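Please read the structure below before turning to the comments.
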Amino acid sequence: MIRALYTSSTGMQAQQMTLDTIANNLANVNTTGFKGSRVDFQDLLYQTLRTPGTAGTQGTTVPTGIQVGLGARPAATNRILSQGDFQQTQNPLDLAIEGDGFFQVSRADGTIAYTRSGAFKKDGTGRVVTSDGFVLSPNLVVPPDARSITIGSDGTVSITTATSPTASQIGVIQLAQFVNPSGLVAIGRNLFTPTAASGTPIVGTAGINGLGTLSQGFLEMSNVKVVDEMVAMITSQRAYEANSKAIQTADEMLTIANNIRR
Amino acid sequence: MIGVQALVPHMLAQWQRHELLANNLANISTPGYKRDDLVPAEATPSTDLSAAGARAMVQWTDFSQGPLRTTERSLDVALNGAGFFVISTPDGLRYSRGGGLSISRDGTLATADGQPIMGDRGPIIVGQGRVTIASNGEVSSDGASVGTLRVVAFEKPYPLVKEGNGLFAVTDPNVSPGPATGHEVIGGALEGSNVNVVETMVGMIELLRSYEAAQKAIQSMDETVRQANDMGRV
């Protein structure tokens, strides 16, 4: 009976983890480039009480045996990497990736992190940076006399100035992709870092080798769907409740057992 | 008190059934989970009168189809109809009803735990392309076919035991599965657990009351014997 109490508590913990994930998804419903997560569960190990094929009490053999499962465990949090909706912003340094791939930004320690959020800005020296000041990699510097910036779907960045009205190329924005993008680790601030599971980044030109294309003046919104999350929240809450009922039943059975001897 | 002895296995069976039902509820969100229950054994040859109070109960796994729901993840895979996917583990081949797959570092299609899911020609290498899974089980990477998911079937009753982590193992090493027919592989979908909350809750009430009734019976037998013992007292 104590076994059942712990089994149900693993079930409740599993639902709690689902709720944690849903809460984070909903909190990021307006975060640009955010990708929602989902917790996947697996059944925990089984305890074999009676092995199939062993002798029963009356000279018979047990046909199926008895195996008691010990609950559920979270197996993985899967990031749903589907495309988010586009929002038009008219800002020339807002970029959305249509398709696969990540922008590369240098962190303060010099390592590269990856992001889907293309809300870039210029810093004091004209470098293109994220809202947190992480520099886009490879470096892109917009000269102070630039009048207009045009970013092509392949990532080519061109500018015009007052003195030269014909566009001149100042750099190319490259994208990176991974064999297993679900294996990336989210480190907050819309950034991901590679792990052994994700594989090493494969850097290339936008629109080539399966990489997505860039859209200037757009931002990719969060791919979290509020209705889906709400439904998941309801089912998770009810499942939590059902598991608590199993604990209550176990408790009641223990009381009954204790009361056999009055 | 022979009668009391007969009630003990009955009460133990109710405990055991509750353990199974509690595990069902814990796995209400586990993709591909199949519910367990304790059911009376059919036509158990029993001449022992003391066992008549407690019919032999056997564990039974319900392999019926779970509800399918679509997800937005191309690496989710489910089966509609009978059959199992084949998973290669360090302990040998195991069987699974699918779930959220992943791609391992070397580009092999694998379970969430990183164990390769088998195709008709061994593990499926998808590389870094965009993976799609067709209804005949064909896996494509960027539109190019890279293999077909192997789906096998067993004779009923299924000679399978649960191993945890969504895997089933065969109980008898001499049993080998045949190819499955009449199923459909669905990419971008998950098969939900086939646990039914209403059914499980009713089962819990049933077993709780049955347990309670046995307790009352023991108490009343105890009372009868006590009165009998008191009879000679003046």
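Labeling convention for the structure tokens: chains A, B, ... as they appear, residues from 1 per chain, ligands from 1 in order of appearance.
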
Contacts of segment 20-37 of chain B within 6 Å, only C-alpha atoms, excl. fewer than 6 positions in-chain, as a PyMOL selection string = (chain A and resi 4+7-8+11+41-42+68-69+71-72+243+246) or (chain B and resi 59-63+97+99+191-195)

Using only C-alpha atoms, which residues sit within 10 Å of Asn190 of chain A once same-chain residues fewer than 2 positions away are excluded, as a list of chain:residue names?
-> A:Thr31, A:Thr32, A:Gly33, A:Phe34, A:Lys35, A:Ala113, A:Tyr114, A:Thr115, A:Arg116, A:Ser117, A:Gly118, A:Thr130, A:Asp132, A:Ala186, A:Ile187, A:Gly188, A:Phe192

Selected residues written out with N, CA, C and O atoms, as a short mmCIF file (atom, residue, chain, number, x, y, z; two decimals), in the first residue's frame:
```
data_model
loop_
_atom_site.label_atom_id
_atom_site.label_comp_id
_atom_site.auth_asym_id
_atom_site.auth_seq_id
_atom_site.Cartn_x
_atom_site.Cartn_y
_atom_site.Cartn_z
N THR A 31 6.91 36.70 -26.22
CA THR A 31 8.36 36.81 -26.35
C THR A 31 8.75 36.50 -27.79
O THR A 31 8.42 35.43 -28.29
N THR A 32 9.47 37.42 -28.44
CA THR A 32 9.84 37.16 -29.83
C THR A 32 10.77 35.96 -29.93
O THR A 32 11.67 35.80 -29.11
N GLY A 33 10.52 35.13 -30.93
CA GLY A 33 11.38 33.99 -31.19
C GLY A 33 11.31 32.89 -30.16
O GLY A 33 12.11 31.96 -30.18
N PHE A 34 10.32 32.96 -29.22
CA PHE A 34 10.23 31.92 -28.18
C PHE A 34 9.64 30.65 -28.77
O PHE A 34 8.73 30.69 -29.58
N LYS A 35 10.19 29.51 -28.32
CA LYS A 35 9.66 28.22 -28.75
C LYS A 35 9.15 27.49 -27.51
O LYS A 35 9.90 27.30 -26.55
N ALA A 113 26.28 32.04 -28.86
CA ALA A 113 24.96 31.49 -28.50
C ALA A 113 24.05 31.68 -29.71
O ALA A 113 24.38 32.41 -30.64
N TYR A 114 22.91 31.00 -29.67
CA TYR A 114 22.04 30.96 -30.85
C TYR A 114 20.65 31.45 -30.46
O TYR A 114 20.17 31.19 -29.36
N THR A 115 20.02 32.19 -31.35
CA THR A 115 18.70 32.74 -31.02
C THR A 115 17.81 32.79 -32.25
O THR A 115 18.31 32.88 -33.38
N ARG A 116 16.52 32.71 -32.01
CA ARG A 116 15.55 32.89 -33.09
C ARG A 116 14.99 34.30 -33.07
O ARG A 116 14.24 34.69 -33.94
N SER A 117 15.33 35.03 -32.02
CA SER A 117 14.78 36.37 -31.88
C SER A 117 15.63 37.35 -32.67
O SER A 117 16.80 37.55 -32.39
N GLY A 118 15.03 37.96 -33.70
CA GLY A 118 15.79 38.83 -34.59
C GLY A 118 15.56 40.30 -34.34
O GLY A 118 15.62 41.11 -35.26
N THR A 130 21.93 42.43 -30.02
CA THR A 130 20.59 42.07 -29.54
C THR A 130 20.16 43.09 -28.49
O THR A 130 20.95 43.97 -28.11
N ASP A 132 20.00 42.75 -25.48
CA ASP A 132 20.87 42.64 -24.31
C ASP A 132 22.30 43.07 -24.61
O ASP A 132 23.17 42.93 -23.75
N ALA A 186 18.27 25.93 -23.47
CA ALA A 186 17.86 27.32 -23.36
C ALA A 186 18.55 27.93 -22.15
O ALA A 186 18.54 27.34 -21.07
N ILE A 187 19.21 29.08 -22.34
CA ILE A 187 19.92 29.69 -21.22
C ILE A 187 19.26 31.00 -20.82
O ILE A 187 19.83 31.79 -20.08
N GLY A 188 18.05 31.23 -21.28
CA GLY A 188 17.36 32.48 -20.97
C GLY A 188 17.77 33.56 -21.95
O GLY A 188 18.64 33.35 -22.80
N PHE A 192 20.10 30.10 -26.91
CA PHE A 192 20.34 28.66 -26.79
C PHE A 192 21.84 28.41 -26.92
O PHE A 192 22.52 29.13 -27.64
#
```

Listing only residues of segment 120-213 of chain A within 7 Å of segment 86-105 of chain A, what is the closest atom pair and its distance in Å (to one decimal) for each, using only C-alpha atoms, sorted by chain and residue number ascending, as a tab-separated table?
```
residue	atom	partner	partner_atom	distance
A:Phe120	CA	A:Leu93	CA	5.3
A:Lys121	CA	A:Leu93	CA	6.2
A:Phe134	CA	A:Val105	CA	5.9
A:Val135	CA	A:Val105	CA	5.4
A:Leu136	CA	A:Val105	CA	4.4
A:Ser137	CA	A:Val105	CA	5.0
A:Ile149	CA	A:Pro92	CA	6.4
A:Leu175	CA	A:Phe103	CA	5.2
A:Ala176	CA	A:Phe102	CA	5.2
A:Gln177	CA	A:Gly101	CA	4.7
A:Gly210	CA	A:Asp100	CA	6.9
A:Leu211	CA	A:Asp100	CA	5.1
A:Gly212	CA	A:Gly99	CA	3.9
A:Thr213	CA	A:Glu98	CA	5.2
```

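All residues in segment 194-252 of chain A with a DSSP state of helix (DSSP H, G or I), computed from the backbone, read Val226, Val227, Asp228, Glu229, Met230, Val231, Ala232, Met233, Ile234, Thr235, Ser236, Gln237, Arg238, Ala239, Tyr240, Glu241, Ala242, Asn243, Ser244, Lys245, Ala246, Ile247, Gln248, Thr249, Ala250, Asp251 and Glu252 of chain A.
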
Considering only C-alpha atoms, return as a PyMOL selection string whatever protein or nucleic-acid residues lie within 10 Å of Thr77 of chain A, sequence-local ones (same chain, fewer than 5 positions apart) excluded.
-> (chain A and resi 17-18+21+36-41+182-183) or (chain B and resi 100+112)

Could you write out that same residue set with C-alpha atoms as a PDB file, in the first residue's frame?
```pdb
ATOM      1  CA  MET A  17       6.115  19.556 -13.952  1.00  0.00           C
ATOM      2  CA  THR A  18       3.633  19.808 -16.829  1.00  0.00           C
ATOM      3  CA  THR A  21       6.198  24.050 -18.325  1.00  0.00           C
ATOM      4  CA  GLY A  36       7.262  26.441 -26.413  1.00  0.00           C
ATOM      5  CA  SER A  37       8.167  23.229 -24.597  1.00  0.00           C
ATOM      6  CA  ARG A  38       6.296  20.093 -23.711  1.00  0.00           C
ATOM      7  CA  VAL A  39       7.123  17.474 -21.098  1.00  0.00           C
ATOM      8  CA  ASP A  40       7.050  13.865 -22.263  1.00  0.00           C
ATOM      9  CA  PHE A  41       6.504  11.124 -19.719  1.00  0.00           C
ATOM     10  CA  SER A 182      15.710  19.927 -29.727  1.00  0.00           C
ATOM     11  CA  GLY A 183      18.970  19.104 -27.966  1.00  0.00           C
TER      12      GLY A 183
ATOM     13  CA  GLY B 100       8.278  11.621 -28.889  1.00  0.00           C
ATOM     14  CA  ALA B 112      13.646  10.090 -26.016  1.00  0.00           C
TER      15      ALA B 112
END
```

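The neighbours of Leu208 of chain B here are the residues that come within 10 Å of it, using only C-alpha atoms and leaving out any residue fewer than 4 positions away in the same chain; they are Thr249, Ala250, Glu252, Met253 and Ile256 of chain A; Met11, Gln14, Trp15, Arg17, His18, Val202, Gly203, Met204, Glu212, Ala213 and Ala214 of chain B.
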
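For the residues A:Ala242, A:Ala76, A:Val157, A:Met12, ranking by smallest atom-to-atom distance to Val142 of chain A using only C-alpha atoms places A:Val157 first.
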
Within 8 Å of Glu155 of chain B using only C-alpha atoms, minus same-chain residues under 3 positions, as a ChimeraX atom specification | /B:158-159,177

For the residues selected in the previous step, produce a file with N, CA and C atoms as a PDB file, in the first residue's frame.
```pdb
ATOM      1  N   TYR B 158      -0.829 -11.108 -26.006  1.00  0.00           N
ATOM      2  CA  TYR B 158       0.521 -10.636 -26.246  1.00  0.00           C
ATOM      3  C   TYR B 158       1.489 -11.173 -25.191  1.00  0.00           C
ATOM      4  N   PRO B 159       2.567 -11.804 -25.602  1.00  0.00           N
ATOM      5  CA  PRO B 159       3.547 -12.334 -24.631  1.00  0.00           C
ATOM      6  C   PRO B 159       4.518 -11.238 -24.184  1.00  0.00           C
ATOM      7  N   PRO B 177       8.046 -11.955 -33.266  1.00  0.00           N
ATOM      8  CA  PRO B 177       6.896 -11.287 -33.852  1.00  0.00           C
ATOM      9  C   PRO B 177       6.866 -11.427 -35.370  1.00  0.00           C
TER      10      PRO B 177
END
```

Might you pull out every residue within 10 Å of Pro123 of chain B, with only C-alpha atoms counted and same-chain residues fewer than 4 positions away left off, and present them as an NGL selection string?
-> :B and (86-88 or 108-110 or 115-119 or 146-150)

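From atom CA of Leu44 of chain A back to atom CA of Gln16 of chain B, the distance works out to 17.3 Å.
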
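Here the question is which of B:Glu138, B:Glu72, B:Asp120, B:Asp91 gets nearest to chain A using only C-alpha atoms, and that residue is B:Glu72.
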
Excluding segment 185-189 of chain B and its own-chain neighbours fewer than 5 positions away, which residues fall within 8 Å of it when counting only C-alpha atoms? Please give them as a CSV table (one decimal) with N, CA and C atoms, in the first residue's frame.
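New file selection-v1.csv:
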```csv
chain,number,residue,atom,x,y,z
B,68,LEU,N,-5.6,9.3,-30.2
B,68,LEU,CA,-4.6,10.0,-30.9
B,68,LEU,C,-4.7,11.5,-30.9
B,69,ARG,N,-3.7,12.2,-30.7
B,69,ARG,CA,-3.8,13.7,-30.8
B,69,ARG,C,-2.6,14.2,-31.6
B,70,THR,N,-2.9,15.2,-32.4
B,70,THR,CA,-1.8,15.7,-33.3
B,70,THR,C,-1.0,16.7,-32.5
B,71,THR,N,0.3,16.8,-32.8
B,71,THR,CA,1.2,17.7,-32.1
B,71,THR,C,1.8,18.5,-33.2
B,72,GLU,N,2.6,19.4,-32.9
B,72,GLU,CA,3.3,20.2,-34.0
B,72,GLU,C,4.7,19.7,-34.1
B,73,ARG,N,5.0,18.5,-33.7
B,73,ARG,CA,6.4,18.1,-33.7
B,73,ARG,C,6.5,16.9,-34.7
B,74,SER,N,7.4,17.1,-35.7
B,74,SER,CA,7.5,16.1,-36.7
B,74,SER,C,8.1,14.8,-36.2
B,75,LEU,N,8.8,14.8,-35.1
B,75,LEU,CA,9.4,13.6,-34.5
B,75,LEU,C,8.5,12.9,-33.6
B,76,ASP,N,7.2,13.3,-33.5
B,76,ASP,CA,6.3,12.4,-32.7
B,76,ASP,C,5.7,11.4,-33.6
B,77,VAL,N,5.6,10.2,-33.1
B,77,VAL,CA,5.1,9.1,-33.9
B,77,VAL,C,4.1,8.2,-33.1
B,78,ALA,N,3.0,7.8,-33.7
B,78,ALA,CA,2.0,7.0,-33.1
B,78,ALA,C,1.6,5.9,-34.0
B,79,LEU,N,1.0,4.9,-33.5
B,79,LEU,CA,0.4,3.8,-34.3
B,79,LEU,C,-1.1,3.8,-34.1
B,80,ASN,N,-1.8,3.7,-35.2
B,80,ASN,CA,-3.3,3.6,-35.2
B,80,ASN,C,-3.5,2.1,-35.6
B,132,THR,N,10.1,13.9,-42.0
B,132,THR,CA,8.7,13.6,-42.1
B,132,THR,C,8.4,12.1,-42.1
B,133,ILE,N,7.3,11.7,-41.5
B,133,ILE,CA,7.0,10.3,-41.3
B,133,ILE,C,5.7,10.1,-42.0
B,134,ALA,N,5.6,9.3,-43.1
B,134,ALA,CA,4.4,9.0,-43.8
B,134,ALA,C,3.6,7.9,-43.2
B,135,SER,N,2.4,7.7,-43.7
B,135,SER,CA,1.4,6.8,-43.0
B,135,SER,C,1.8,5.3,-43.3
B,136,ASN,N,2.7,5.1,-44.3
B,136,ASN,CA,3.2,3.7,-44.4
B,136,ASN,C,4.5,3.5,-43.6
B,137,GLY,N,4.8,4.5,-42.8
B,137,GLY,CA,6.0,4.4,-41.9
B,137,GLY,C,7.3,4.8,-42.6
```

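Nearest to chain B of all the residues A:Asn223, A:Thr255, A:Ser82, A:Ser153 is A:Ser82, counting only C-alpha atoms.
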
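Compared by their closest atoms to Ser140 of chain B, and using only C-alpha atoms, the residues B:Val126, B:Ala153, B:Leu190, B:Val175 rank with B:Val126 nearest.
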
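Taking atom CA of Leu167 of chain B and atom CA of Tyr95 of chain B as the two end points, the separation is 5.5 Å.
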
Rounded to one decimal in Å, what is the spacing between atom CA of Arg261 of chain A and atom CA of Gln215 of chain B?
-> 9.3 Å

Backbone DSSP call of strand (DSSP E) for segment 20-137 of chain B, listed as an MDAnalysis selection string = chainID B and resid 36:40 57:61 68:70 76:80 84:89 92:96 98:100 102:103 109:110 118:119 122:123 131:133

Nearest residue to chain A from the set B:Thr171, B:Gln128, B:Ser102, B:Thr224 (distances using only C-alpha atoms) = B:Gln128
